[in-house]
Each structure stands twice: as structure tokens, then as C-alpha cells.
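Okay, target22.cif now, which holds mmCIF, C-alpha atoms:
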data_structure
#
loop_
_atom_site.label_atom_id
_atom_site.label_comp_id
_atom_site.auth_asym_id
_atom_site.auth_seq_id
_atom_site.Cartn_x
_atom_site.Cartn_y
_atom_site.Cartn_z
CA MET A 1 48.04 118.84 111.43
CA GLU A 2 49.07 122.49 111.20
CA MET A 3 46.86 124.86 113.14
CA ARG A 4 45.06 127.43 111.00
CA TYR A 5 44.89 131.08 112.07
CA PHE A 6 42.71 133.97 110.94
CA GLU A 7 42.77 137.73 111.17
CA LEU A 8 39.64 138.91 112.98
CA LEU A 9 38.28 142.02 111.27
CA ASP A 10 35.47 144.48 111.89
CA ASP A 11 32.94 143.96 109.08
CA MET A 12 32.53 147.48 107.73
CA ASP A 13 30.31 146.30 104.87
CA ILE A 14 27.34 145.99 107.22
CA GLN A 15 24.83 148.73 106.42
CA ASP A 16 23.40 151.12 109.02
CA ARG A 17 25.72 149.89 111.76
CA TRP A 18 27.11 151.68 114.78
CA LEU A 19 30.68 152.92 115.21
CA PRO A 20 32.12 153.12 118.74
CA GLY A 21 34.19 156.12 119.78
CA GLU A 22 37.46 156.02 121.71
CA ALA A 23 37.38 155.06 125.38
CA ARG A 24 36.80 157.82 127.93
CA ASN A 25 37.22 157.95 131.69
CA SER A 26 34.47 158.51 134.25
CA GLN A 27 34.80 162.30 133.77
CA GLY A 28 34.08 161.90 130.06
CA LEU A 29 37.65 162.74 128.98
CA GLU A 30 39.39 160.68 126.30
CA ILE A 31 42.11 158.58 127.89
CA ASP A 32 45.72 159.50 127.16
CA ASP A 33 46.80 156.36 125.29
CA ILE A 34 43.96 155.22 123.03
CA TRP A 35 46.25 152.67 121.32
CA GLN A 36 47.12 150.68 124.45
CA PHE A 37 44.21 148.27 123.97
CA ALA A 38 45.63 147.07 120.64
CA ASP A 39 49.33 146.77 121.56
CA GLY A 40 49.24 143.06 122.34
CA CYS A 41 50.07 143.65 126.02
CA PRO A 42 48.09 143.55 129.29
CA VAL A 43 46.50 146.88 130.23
CA GLN A 44 46.70 148.45 133.66
CA ASN A 45 43.32 150.02 134.23
CA LYS A 46 41.68 150.94 137.52
CA GLU A 47 38.81 153.19 136.46
CA GLN A 48 35.44 152.74 134.87
CA LEU A 49 35.64 153.33 131.13
CA ARG A 50 32.94 154.62 128.85
CA ILE A 51 32.53 154.22 125.09
CA PRO A 52 30.67 157.01 123.24
CA ILE A 53 28.87 156.27 119.99
CA SER A 54 30.59 158.18 117.21
CA HIS A 55 28.06 157.05 114.59
CA PRO A 56 24.61 155.77 115.55
CA GLY A 57 23.22 152.60 114.05
CA ALA A 58 22.48 148.96 114.78
CA LEU A 59 24.71 147.69 117.58
CA LEU A 60 26.89 144.69 116.75
CA ASP A 61 28.47 142.08 118.97
CA TYR A 62 31.93 143.08 117.72
CA ALA A 63 33.18 146.49 116.60
CA THR A 64 36.43 148.45 116.72
CA THR A 65 37.08 152.13 117.31
CA SER A 66 38.17 154.04 114.22
CA VAL A 67 41.50 155.46 115.43
CA GLY A 68 42.79 153.26 118.25
CA GLY A 69 41.39 150.02 116.83
CA THR A 70 40.02 149.02 120.24
CA PRO A 71 37.73 145.95 120.05
CA VAL A 72 34.42 146.63 121.81
CA VAL A 73 32.46 143.41 122.30
CA HIS A 74 29.14 142.25 123.71
CA ARG A 75 29.10 139.89 126.70
CA ARG A 76 28.46 136.93 124.38
CA VAL A 77 31.76 137.53 122.62
CA ALA A 78 33.64 138.24 125.84
CA ASN A 79 32.40 134.94 127.30
CA ILE A 80 33.61 132.93 124.30
CA PHE A 81 37.10 134.43 124.49
CA SER A 82 37.21 133.96 128.28
CA GLU A 83 36.19 130.32 127.92
CA LEU A 84 38.40 129.34 124.98
CA ALA A 85 41.46 131.60 125.42
CA SER A 86 41.59 132.75 129.02
CA ASN A 87 45.41 132.88 129.02
CA ASP A 88 45.53 135.12 125.96
CA VAL A 89 43.01 137.87 126.67
CA GLN A 90 42.01 140.53 129.16
CA ILE A 91 38.34 141.50 129.44
CA ILE A 92 37.67 145.06 130.63
CA PRO A 93 34.07 146.14 131.41
CA VAL A 94 32.90 149.35 129.74
CA GLU A 95 29.72 151.39 129.61
CA VAL A 96 28.47 151.99 126.08
CA GLU A 97 26.59 155.25 125.67
CA GLY A 98 22.83 154.73 126.04
CA GLN A 99 23.05 150.95 126.46
CA THR A 100 22.09 148.71 129.34
CA GLU A 101 23.52 145.56 127.76
CA PRO A 102 27.00 144.63 129.06
CA TYR A 103 29.94 145.46 126.80
CA PHE A 104 33.68 144.95 127.22
CA ILE A 105 37.01 145.95 125.73
CA LEU A 106 38.80 142.86 124.43
CA VAL A 107 42.58 143.00 124.88
CA ALA A 108 44.89 140.42 123.32
CA THR A 109 47.73 140.11 125.83
CA ARG A 110 50.23 138.30 123.59
CA ASN A 111 52.53 139.87 121.01
CA ILE A 112 54.27 137.26 118.85
CA ARG A 113 56.92 137.74 116.17
CA CYS A 114 55.55 135.48 113.47
CA ILE A 115 54.85 137.35 110.20
CA ASP A 116 56.32 135.45 107.25
CA ASP A 117 57.80 138.19 105.07
CA GLN A 118 58.47 135.81 102.17
CA GLN A 119 55.00 134.32 102.01
CA SER A 120 53.11 137.59 102.55
CA SER A 121 52.34 139.44 99.31
CA GLU A 122 54.22 142.54 100.42
CA VAL A 123 55.80 143.93 103.56
CA LYS A 124 57.25 147.37 104.09
CA TYR A 125 59.26 148.55 107.09
CA TRP A 126 59.63 151.96 108.69
CA LEU A 127 63.16 153.17 107.89
CA PRO A 128 65.42 155.68 109.69
CA GLU A 129 64.96 158.17 106.86
CA ASP A 130 61.20 158.17 107.51
CA GLU A 131 62.03 160.19 110.65
CA ARG A 132 59.72 158.17 112.89
CA PRO A 133 62.28 156.70 115.33
CA GLU A 134 59.60 155.13 117.53
CA LYS A 135 58.50 153.01 114.54
CA THR A 136 61.84 152.24 112.87
CA GLY A 137 62.20 148.52 112.22
CA THR A 138 58.50 147.73 112.55
CA TYR A 139 56.10 147.13 109.70
CA ARG A 140 54.77 150.10 107.80
CA ALA A 141 52.53 147.95 105.60
CA VAL A 142 51.64 144.27 105.28
CA SER A 143 49.57 142.96 102.36
CA ASN A 144 47.96 139.49 102.24
CA MET A 145 49.68 138.62 105.49
CA ARG A 146 50.93 135.11 106.15
CA ILE A 147 52.32 133.98 109.49
CA ASP A 148 54.68 131.16 110.43
CA SER A 149 52.42 129.09 112.69
CA THR A 150 55.40 127.20 114.14
CA LYS A 151 56.33 130.39 115.99
CA VAL A 152 52.93 130.82 117.63
CA GLY A 153 53.15 128.07 120.23
CA GLU A 154 49.97 127.46 122.22
CA ALA A 155 48.51 130.95 121.76
CA LYS A 156 44.95 131.10 120.48
CA VAL A 157 44.65 134.90 120.39
CA PHE A 158 47.48 137.36 119.77
CA ARG A 159 48.73 140.37 117.84
CA PRO A 160 51.73 139.95 115.50
CA TRP A 161 54.88 141.82 116.50
CA GLY A 162 55.45 144.98 114.51
CA TRP A 163 51.95 144.97 113.02
CA THR A 164 49.64 145.09 116.01
CA VAL A 165 46.77 146.54 114.00
CA ALA A 166 45.99 142.88 113.22
CA LEU A 167 44.16 140.68 115.74
CA ILE A 168 44.81 136.97 115.09
CA VAL A 169 42.66 134.09 116.36
CA SER A 170 42.96 130.33 116.00
CA GLU A 171 40.55 128.24 113.96
CA HIS A 172 39.13 126.97 117.26
CA ILE A 173 38.18 130.51 118.30
CA LYS A 174 36.77 131.28 114.84
CA GLU A 175 34.51 128.23 114.93
CA GLY A 176 33.27 129.10 118.43
CA LEU A 177 32.34 132.62 117.36
CA GLU A 178 30.61 131.37 114.22
CA ARG A 179 28.62 128.77 116.14
CA ALA A 180 27.40 131.50 118.47
CA GLY A 181 26.24 133.60 115.51
CA VAL A 182 28.01 136.75 116.69
CA THR A 183 27.58 139.83 114.52
CA GLY A 184 30.11 142.35 113.20
CA MET A 185 32.98 139.97 112.43
CA ARG A 186 34.69 138.69 109.32
CA PHE A 187 37.77 136.49 109.01
CA GLU A 188 40.74 136.29 106.62
CA GLU A 189 43.06 133.31 106.84
CA VAL A 190 46.74 134.07 107.50
CA THR A 191 48.06 130.50 107.24
CA GLY A 192 48.36 128.10 104.32
CA PRO A 193 49.87 128.60 100.87
CA SER A 194 50.71 132.10 99.74
CA ALA A 195 47.78 133.91 98.17
CA ILE A 196 49.88 134.94 95.15
CA SER A 197 51.78 133.04 92.47
CA PRO A 198 55.52 133.50 91.76
CA GLU A 199 54.57 135.59 88.71
CA GLN A 200 52.33 137.82 90.79
CA ARG A 201 55.06 138.15 93.39
CA GLU A 202 57.58 139.29 90.79
CA HIS A 203 55.02 141.74 89.43
CA SER A 204 54.48 143.10 92.94
CA ARG A 205 58.24 143.35 93.47
CA LYS A 206 58.64 145.50 90.37
CA LEU A 207 55.76 147.71 91.41
CA LYS A 208 57.25 148.11 94.88
CA VAL A 209 60.64 149.18 93.47
CA LEU A 210 58.94 151.81 91.32
CA TYR A 211 56.67 152.94 94.13
CA ASP A 212 59.48 153.27 96.68
CA ARG A 213 61.67 155.25 94.29
CA THR A 214 58.80 157.57 93.38
CA GLU A 215 57.56 158.09 96.91
CA THR A 216 61.03 158.71 98.34
CA ALA A 217 61.85 161.39 95.77
CA ARG A 218 58.50 163.13 96.03
CA THR A 219 58.48 163.08 99.85
CA ALA A 220 61.97 164.62 99.84
CA PHE A 221 60.64 167.43 97.64
CA TRP A 222 57.59 168.04 99.85
CA ARG A 223 59.93 168.50 102.80
CA THR A 224 61.71 171.34 101.02
CA LEU A 225 58.42 173.26 101.05
CA GLY A 226 57.77 173.08 104.78
CA THR A 227 56.94 170.63 107.57
CA LEU A 228 55.04 167.53 106.50
CA ASP A 229 52.09 166.83 108.78
CA GLU A 230 52.52 163.12 109.54
CA ASN A 231 49.43 163.10 111.76
CA ALA A 232 46.97 164.44 109.20
CA ILE A 233 44.36 161.71 108.68
CA LEU A 234 43.38 161.96 105.03
CA PRO A 235 41.53 159.20 103.21
CA ILE A 236 43.70 157.25 100.78
CA VAL A 237 41.45 156.15 97.94
CA VAL A 238 42.38 152.99 96.04
CA GLY A 239 41.32 152.83 92.41
CA GLY A 240 40.15 155.48 90.02
CA GLY A 241 42.10 156.93 87.13
CA TRP A 242 45.25 158.03 88.98
CA PRO A 243 48.40 156.45 87.51
CA ALA A 244 49.18 153.93 90.26
CA ARG A 245 45.48 153.58 91.20
CA ARG A 246 45.93 155.27 94.56
CA GLN A 247 44.75 158.74 95.45
CA VAL A 248 46.78 160.42 98.19
CA TRP A 249 46.96 163.95 99.60
CA ARG A 250 49.58 165.52 101.86
CA VAL A 251 49.48 168.48 104.22
CA ILE A 252 52.52 170.75 104.56
CA HIS A 253 52.79 173.50 107.17
CA ARG A 254 54.48 176.62 105.84
CA PRO A 255 55.74 179.93 107.26
CA GLU A 256 53.36 182.65 108.47
CA GLY A 257 50.64 180.17 109.41
CA ARG A 258 50.01 179.00 105.85
CA THR A 259 49.04 175.40 104.99
CA LEU A 260 49.80 173.75 101.66
CA PHE A 261 47.59 170.90 100.48
CA VAL A 262 49.00 168.80 97.63
CA THR A 263 48.03 165.78 95.59
CA ASP A 264 50.54 162.98 96.02
CA GLY A 265 50.11 160.54 93.16
CA LEU A 266 49.41 162.25 89.85
CA SER A 267 53.13 161.87 89.11
CA ASP A 268 53.19 158.17 90.03
CA PHE A 269 54.23 155.66 87.39
CA PHE A 270 51.42 154.00 85.41
CA ALA A 271 50.84 150.73 87.23
CA ASP A 272 49.47 148.91 84.18
CA ALA A 273 52.68 149.47 82.25
CA VAL A 274 55.02 148.65 85.20
CA GLU A 275 57.57 151.00 83.66
CA PRO A 276 59.30 154.14 84.99
CA SER A 277 57.39 157.36 84.30
CA VAL A 278 56.08 160.51 85.99
CA GLY A 279 52.45 159.69 85.23
CA PHE A 280 50.57 162.82 84.27
CA GLY A 281 53.67 164.89 84.97
CA MET A 282 52.09 167.16 87.58
CA GLU A 283 50.85 167.53 91.13
CA LEU A 284 48.27 170.05 92.34
CA ALA A 285 49.01 172.48 95.18
CA LEU A 286 46.53 174.67 97.06
CA GLU A 287 47.85 177.01 99.75
CA THR A 288 45.68 178.79 102.29
CA ASN A 289 46.20 180.83 105.44
CA GLU A 290 42.86 179.82 106.90
CA PRO A 291 43.30 177.77 110.10
CA GLN A 292 41.89 174.23 110.29
CA ALA A 293 40.49 174.26 106.76
CA ASP A 294 39.43 170.84 105.49
CA TRP A 295 37.64 171.76 102.26
CA PRO A 296 40.89 172.04 100.22
CA VAL A 297 41.33 168.25 100.14
CA THR A 298 37.84 167.74 98.74
CA LEU A 299 38.45 170.45 96.16
CA LEU A 300 41.80 168.96 95.09
CA GLU A 301 40.22 165.54 94.73
CA ARG A 302 37.52 166.89 92.42
CA ILE A 303 39.96 168.86 90.30
CA ALA A 304 42.34 165.90 89.99
CA ASN A 305 39.54 163.54 89.00
CA GLU A 306 38.34 166.00 86.37
CA LEU A 307 41.84 166.16 84.90
CA VAL A 308 42.49 162.42 84.79
CA GLY A 309 38.98 161.76 83.52
CA HIS A 310 39.30 164.21 80.62
CA GLU A 311 42.62 163.72 78.89
CA HIS A 312 42.31 166.90 76.83
CA LEU A 313 42.55 168.94 80.06
CA CYS A 314 45.83 167.40 81.21
CA GLU A 315 48.11 169.07 78.66
CA PRO A 316 47.02 172.68 79.33
CA ALA A 317 47.15 172.03 83.07
CA ARG A 318 50.66 170.62 82.75
CA THR A 319 52.03 173.34 80.50
CA GLY A 320 50.01 176.53 80.93
CA ILE A 321 47.06 178.10 82.70
CA LEU A 322 43.63 176.50 82.84
CA SER A 323 40.35 177.64 84.35
CA MET A 324 37.62 175.15 85.24
CA GLU A 325 34.58 174.56 87.40
CA VAL A 326 33.88 171.60 89.69
CA ASP A 327 30.98 170.39 91.81
CA GLY A 328 30.47 172.61 94.86
CA GLU A 329 28.88 170.08 97.20
CA ARG A 330 30.27 170.49 100.75
CA MET A 331 32.29 173.50 99.63
CA PRO A 332 32.23 176.86 101.49
CA GLU A 333 29.09 178.82 100.60
CA PRO A 334 30.90 182.03 99.48
CA LEU A 335 32.70 180.11 96.73
CA LEU A 336 29.54 178.72 95.14
CA THR A 337 28.13 180.05 91.89
CA LYS A 338 24.38 180.25 91.41
CA ASP A 339 24.64 176.79 89.82
CA GLY A 340 26.36 175.33 92.89
CA ARG A 341 29.81 175.12 91.27
CA VAL A 342 33.26 176.32 92.32
CA GLY A 343 35.58 178.07 89.85
CA VAL A 344 39.35 177.60 90.01
CA LEU A 345 42.41 178.84 88.14
CA LEU A 346 45.20 176.31 87.65
CA GLY A 347 48.84 177.07 86.95
CA MET A 348 49.22 180.60 88.31
CA ASP A 349 52.92 181.40 88.76
CA THR A 350 54.08 182.51 92.17
CA PRO A 351 57.53 183.20 93.64
CA ALA A 352 56.35 181.50 96.83
CA LEU A 353 56.42 178.02 95.24
CA PRO A 354 58.66 176.34 92.65
CA GLY A 355 57.00 175.70 89.31
CA HIS A 356 58.63 172.30 88.78
CA PHE A 357 60.53 169.62 90.65
CA THR A 358 62.71 166.73 89.51
CA MET A 359 61.82 163.07 89.95
CA PRO A 360 64.07 160.11 89.03
CA ASP A 361 62.13 159.65 85.80
CA GLY A 362 61.49 163.23 84.72
CA GLN A 363 60.28 166.72 85.54
CA VAL A 364 56.98 167.28 87.32
CA ARG A 365 55.04 170.53 87.29
CA LEU A 366 53.65 171.84 90.58
CA VAL A 367 50.31 173.28 89.45
CA THR A 368 48.91 175.94 91.79
CA VAL A 369 45.18 176.00 92.47
CA LYS A 370 43.56 179.39 93.02
CA THR A 371 39.91 179.49 94.07
CA LEU A 372 37.80 182.12 92.31
CA MET A 373 35.01 184.09 93.88
CA PRO A 374 31.83 183.82 91.74
CA ARG A 375 32.21 187.41 90.49
CA GLU A 376 35.78 186.67 89.39
CA LEU A 377 34.68 183.58 87.49
CA THR A 378 32.05 185.61 85.67
CA TYR A 379 34.65 188.25 84.81
CA LEU A 380 37.06 185.60 83.53
CA LEU A 381 34.42 184.04 81.28
CA GLU A 382 33.52 187.44 79.81
CA HIS A 383 36.90 189.17 79.59
CA GLY A 384 39.61 186.51 79.80
CA ARG A 385 42.18 185.94 82.52
CA GLU A 386 44.97 188.47 81.84
CA GLU A 387 43.55 191.34 83.89
CA LEU A 388 42.46 188.93 86.60
CA LEU A 389 45.97 187.50 86.88
CA HIS A 390 47.41 191.02 86.99
CA ARG A 391 45.16 191.95 89.90
CA PHE A 392 45.90 188.72 91.76
CA ASN A 393 49.60 189.42 91.43
CA GLN A 394 49.15 192.83 93.04
CA SER A 395 48.46 191.08 96.34
CA ASN A 396 51.16 189.11 98.12
CA PRO A 397 51.04 186.20 97.90
CA GLY A 398 48.37 186.26 95.22
CA HIS A 399 48.08 182.50 94.77
CA LEU A 400 46.50 181.89 98.20
CA SER A 401 43.05 180.30 98.20
CA LYS A 402 40.42 181.28 100.75
CA ALA A 403 36.85 180.31 101.53
CA TRP A 404 35.98 184.01 101.43
CA ARG A 405 37.68 187.25 100.44
CA GLN A 406 36.83 190.44 98.60
CA PRO A 407 36.76 189.86 94.80
CA VAL A 408 39.47 191.70 92.87
CA VAL A 409 37.00 192.75 90.16
#
Could you express the structure from this file as C-alpha cells?
Amino acid sequence: MEMRYFELLDDMDIQDRWLPGEARNSQGLEIDDIWQFADGCPVQNKEQLRIPISHPGALLDYATTSVGGTPVVHRRVANIFSELASNDVQIIPVEVEGQTEPYFILVATRNIRCIDDQQSSEVKYWLPEDERPEKTGTYRAVSNMRIDSTKVGEAKVFRPWGWTVALIVSEHIKEGLERAGVTGMRFEEVTGPSAISPEQREHSRKLKVLYDRTETARTAFWRTLGTLDENAILPIVVGGGWPARRQVWRVIHRPEGRTLFVTDGLSDFFADAVEPSVGFGMELALETNEPQADWPVTLLERIANELVGHEHLCEPARTGILSMEVDGERMPEPLLTKDGRVGVLLGMDTPALPGHFTMPDGQVRLVTVKTLMPRELTYLLEHGREELLHRFNQSNPGHLSKAWRQPVV
């Protein structure tokens, strides 16, 4: 009988739970390689490690750190793995901040090439043109993973080659953990028949072709504007009204210390139609010279959702100039009106950025986002935007957005 295997996952649906931070040494400094515990290889460690609590809450028997994906487990879990899979794991004692109970880092010491590309719903590899040579040839994404269990051998715990973010355990291990009633875990089977039908697979193939073509062209354009920040950790939101049902933002570093934040998906094809298109025909761009600003992403998300949620706003945003207000929660205080809103001007021309760019399926407008100080918003509502635009254009570059500046009126 074929052995069944499962991906062991941290159950993030548990309410009011704790989140462990990345491992630190005895001096309280974060260790150099926080990903080593999830590489599928033995770890050489000779010092006492400590785990801070990045988010307080109810402690669970199993949890993973948010960036490195390090499994932090209670003694009960460590004992089960030591008993049932001693040849496949390394158990490293750690001190968890504020806890007297024993905790450990769980390291899977086997890395096995076993992902079944044909049976998995979708796989995507890092390519040379992605300019990440250390990742070229490994998996960039794996959806509904299936493995070829004939390639696993006697291993009961391992990480799949090229996609070590996944921790795989045998059915025997799963049953042992469930019998013990450990908390914080959930399991997804990675063996057995494919989770999708041939029709679904063909549908996914068509979507992938469209997605790859769109993403490649748009990424090439972003790189003409500056240096793409590949390390920026921005939340990718699945769902909503964006064309391909994915909300993505990119960060581009520009000359003179400026940072450009852009939406990366309003010009996707419409996934429901599975046909070539440029979606809403635009992407939003907000440029600032403020260091380490994080509010622009939140602002872009709110503007984009307003546009896609109100179809009558899309055309003026795509073809002209549009002013609007959005919710000011978590926005810089100087930008807030007395009603707690933030005013913005969309579509201001600037020689610093191109107004359009070409995609395989059409032209896309790059719509600038200019934040308005409350006094400027009041002026615009009372007198129109012509004089305001004139005054903005007197400064160079006038399209920059800032959390605070002197109003031009």
C-alpha cells in the first residue's frame, strides 16, 4: 500500500495565538542565517538560542517564525518526532521569552527531490531572467503540491528539494501528533490523485500563460524606472475586484533617494474571461523622497479599491485627472482632514515619469498619485484644480507625495 504524506502547516486560523520571532543568540542578536532551520539539512549550532515573542497570545505546541519559517515546538512535539523519526530530524533546545516550559527548534535533516510537477496544480521555476542566480532552477511557486512517494524511500520527515518552505511528514507521524492532541498544526495531503480535473488543469494552464506574459512585460517596464526592491515584504492580497484577483504592490528605488510605489495588477487580464487584456488599463504610481515610508502602500491599496469598486471612476482616472478622498486610518496625521480622510490628485503629468507603457495586449496608463494637504483639498473643492496644478508644477518634481509639507495655497 502506498504511503501517504502530508504537508505540516502552522494553523494561522487560531484566534489570539502567539507568533514566535526569529532565533537570537545568547547576546540577544538575531543569528546571521535565519533560514538555515528550514533548508532540509542538519544545522551546526553550538550556542544557546532564544526565541522572542513577536506577537503575544496563547502559546501553541507548534508554531513557525514569520520570515525564516523555523518550527518552534513544545517538548511534547519534540518527543514524538524523536521517537518516530529520529533519523530524519534534529532537535535543538531554545529558550522562549518568558516561558519556563521546554521548547525546541525542529529541523528536518532530509531534502528529497520528489515534487510531481505534472500532478501538482501549478509549478513555477525561477528563471535566469529573474536575476536571482542563487534561486535559478528551483521552484518559485507550487500550488496544490503532489509528490512522487516512490522517490521518498524510508524518510518520515523531510523538505522537498527546491521548495523547502514545505515540511512533509508521513501518515504515521501525522497520526502520532493527532493522538497526542498537539495544538497549532494542520495537515494537507500531498499524495493521492491530483486535486484538479483535466479541465481545471487546462484552465490553469491558460491562466498561467496569460499571467507569465503580463508579469514579464510589466516587470521589464518597472526596471526601466529604477531598481526593483526584491526584498520588500509587501502583502499580496488574493481576491477582491482586481482583474486577476490578486493585489500586488512593487517598490522601485529611484535617483536622488526617491522611492516609487506602484500597483502591480490593475493591468492584469480579467481572470474570469481567460482572454488577453490590460484589465483596467492603468497602474497607480506614488513617488516620495521620504526615507522608510510605509504608508504609501496602504494609500495605494485604498485608492485602487475605490477605483475598481466604482466603475464610473475608472475612465476619468485612466484618461484624465481625478481628485478623490479615501479613508485616513493609519495615515500620517498631517494629511488628515477634519473628517479623518486623505485627499489625492490622480493623473498629474510629470516629466519624471512616463505617462504610458506598452503591454503585449495594449497600452497602460501610469497614473501618478499626489497627496493633498487638507488646505489644498479645500482649495480644490472651492476653486477647481487648474491653479493648484500650476503651483505644483512650479516645484520640481511637483508630483512627489509627502506625509508633510507646506501647502501651496
Please provide the set of residues having any atom within 8 Å of region 22-39 of chain A, restricted to all atoms listed in the file, with same-chain residues fewer than 3 positions apart removed, written as an mmCIF file with C-alpha atoms, in the frame of the given file.
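Final file, around20.cif:
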data_model
loop_
_atom_site.group_PDB
_atom_site.id
_atom_site.type_symbol
_atom_site.label_atom_id
_atom_site.label_comp_id
_atom_site.auth_asym_id
_atom_site.auth_seq_id
_atom_site.Cartn_x
_atom_site.Cartn_y
_atom_site.Cartn_z
ATOM 1 C CA VAL A 43 46.500 146.880 130.230
ATOM 2 C CA GLU A 47 38.810 153.190 136.460
ATOM 3 C CA GLN A 48 35.440 152.740 134.870
ATOM 4 C CA LEU A 49 35.640 153.330 131.130
ATOM 5 C CA ARG A 50 32.940 154.620 128.850
ATOM 6 C CA ILE A 51 32.530 154.220 125.090
ATOM 7 C CA PRO A 52 30.670 157.010 123.240
ATOM 8 C CA THR A 65 37.080 152.130 117.310
ATOM 9 C CA SER A 66 38.170 154.040 114.220
ATOM 10 C CA VAL A 67 41.500 155.460 115.430
ATOM 11 C CA GLY A 68 42.790 153.260 118.250
ATOM 12 C CA GLY A 69 41.390 150.020 116.830
ATOM 13 C CA THR A 70 40.020 149.020 120.240
ATOM 14 C CA PRO A 71 37.730 145.950 120.050
ATOM 15 C CA ILE A 105 37.010 145.950 125.730
ATOM 16 C CA LEU A 106 38.800 142.860 124.430
ATOM 17 C CA VAL A 107 42.580 143.000 124.880
ATOM 18 C CA ALA A 108 44.890 140.420 123.320
ATOM 19 C CA ASN A 111 52.530 139.870 121.010
ATOM 20 C CA ARG A 159 48.730 140.370 117.840
ATOM 21 C CA THR A 164 49.640 145.090 116.010
ATOM 22 C CA VAL A 165 46.770 146.540 114.000
#
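Among the candidate residues A:Leu353, A:Val367, A:Gly162, A:Ala293, the one lying nearest to Glu315 (chain A) is A:Val367, with distances computed using only C-alpha atoms.
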Checklist entry - Near region 377-392 of chain A, within 12 Å and counting all atoms listed in the file, which residues show up once chain neighbours fewer than 4 positions away are dropped, as a count of residues only? => result 33
Next on the checklist: Going by the chain IDs and residue numbers used in this file, which residues fall under the PyMOL selection byres ((chain A and resi 217) around 12)? Write them as a PyMOL selection string.
Outcome noted: chain A and resi 129+210-216+218-224+264+267-268+278+357-364
Checklist entry - Of the candidates A:Leu228, A:Ile80, A:Val96, A:Met282, which shows the shortest atom-to-atom distance to Ala63 (chain A), using all atoms listed in the file? => result A:Val96
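In this model, the gap between CA of Leu366 (chain A) and CA of Pro354 (chain A) comes to 7.0 Å.
Excluding Ser82 (chain A) itself and same-chain residues fewer than 3 positions from it, the residues having an atom within 12 Å of it are Arg75, Arg76, Val77, Ala78, Asn79, Ala85, Ser86, Asn87, Asp88, Val89, Gln90, Ile91, Ile92, Phe104, Leu106, Val107, Ala108, Lys156, Val157, Ile173 and Gly176 of chain A, counting all atoms listed in the file.
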Item to check | Evaluate the PyMOL selection byres ((chain A and resi 244-254) around 8) and report residues as an MDAnalysis selection string | outcome: chainID A and resid 222:223 225:229 232 234:243 255:265 268:272 297
Checklist entry - With distances taken over only C-alpha atoms, which of A:Leu167, A:Val326, A:Leu300, A:Ala403 is nearest to Tyr5 (chain A)? => result A:Leu167
Next on the checklist: I'd like the interatomic distance between CA of Glu329 (chain A) and CA of Glu301 (chain A), to a tenth of an Å.
Outcome noted: 12.5 Å
Next on the checklist: I need the output of the PyMOL selection byres ((chain A and resi 134-146) around 12) for this file as number ranges by chain; which residues are they?
Outcome noted: A: 4-7, 113-133, 147-149, 160-168, 188-196, 201, 204, 208
Item to check | Distance in Å - CA of Glu154 (chain A) versus CA of Thr109 (chain A) | outcome: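 Separating CA of Glu154 (chain A) from CA of Thr109 (chain A) is a distance of 13.3 Å.
Distance annotation: of A:Pro42, A:Gly184, A:Gly98, A:Pro20, the residue with the minimal separation from Leu60 (chain A) is A:Gly184; atom set is all atoms listed in the file.
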Assuming 5 Å of padding per side, give the centre and edge lengths of the axis-aligned box around every listed atom of region 72-77 of chain A, in Å to one decimal and as JSON.
{"center_x": 31.4, "center_y": 141.8, "center_z": 124.3, "size_x": 16.0, "size_y": 19.7, "size_z": 14.9}
Checklist entry - Which residues come within 12 Å of Asp13 (chain A), counting only C-alpha atoms, excluding same-chain residues fewer than 3 positions away, as JSON, numbers by chain? => result {"A": [9, 10, 16, 17, 18, 183, 184, 185, 186]}
Checklist entry - For Phe280 (chain A), which residue among A:Cys314, A:Leu299, A:Ala58, A:Ala352 is the nearest when counting all atoms listed in the file? => result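 So, comparing all the options, the nearest one is A:Cys314.
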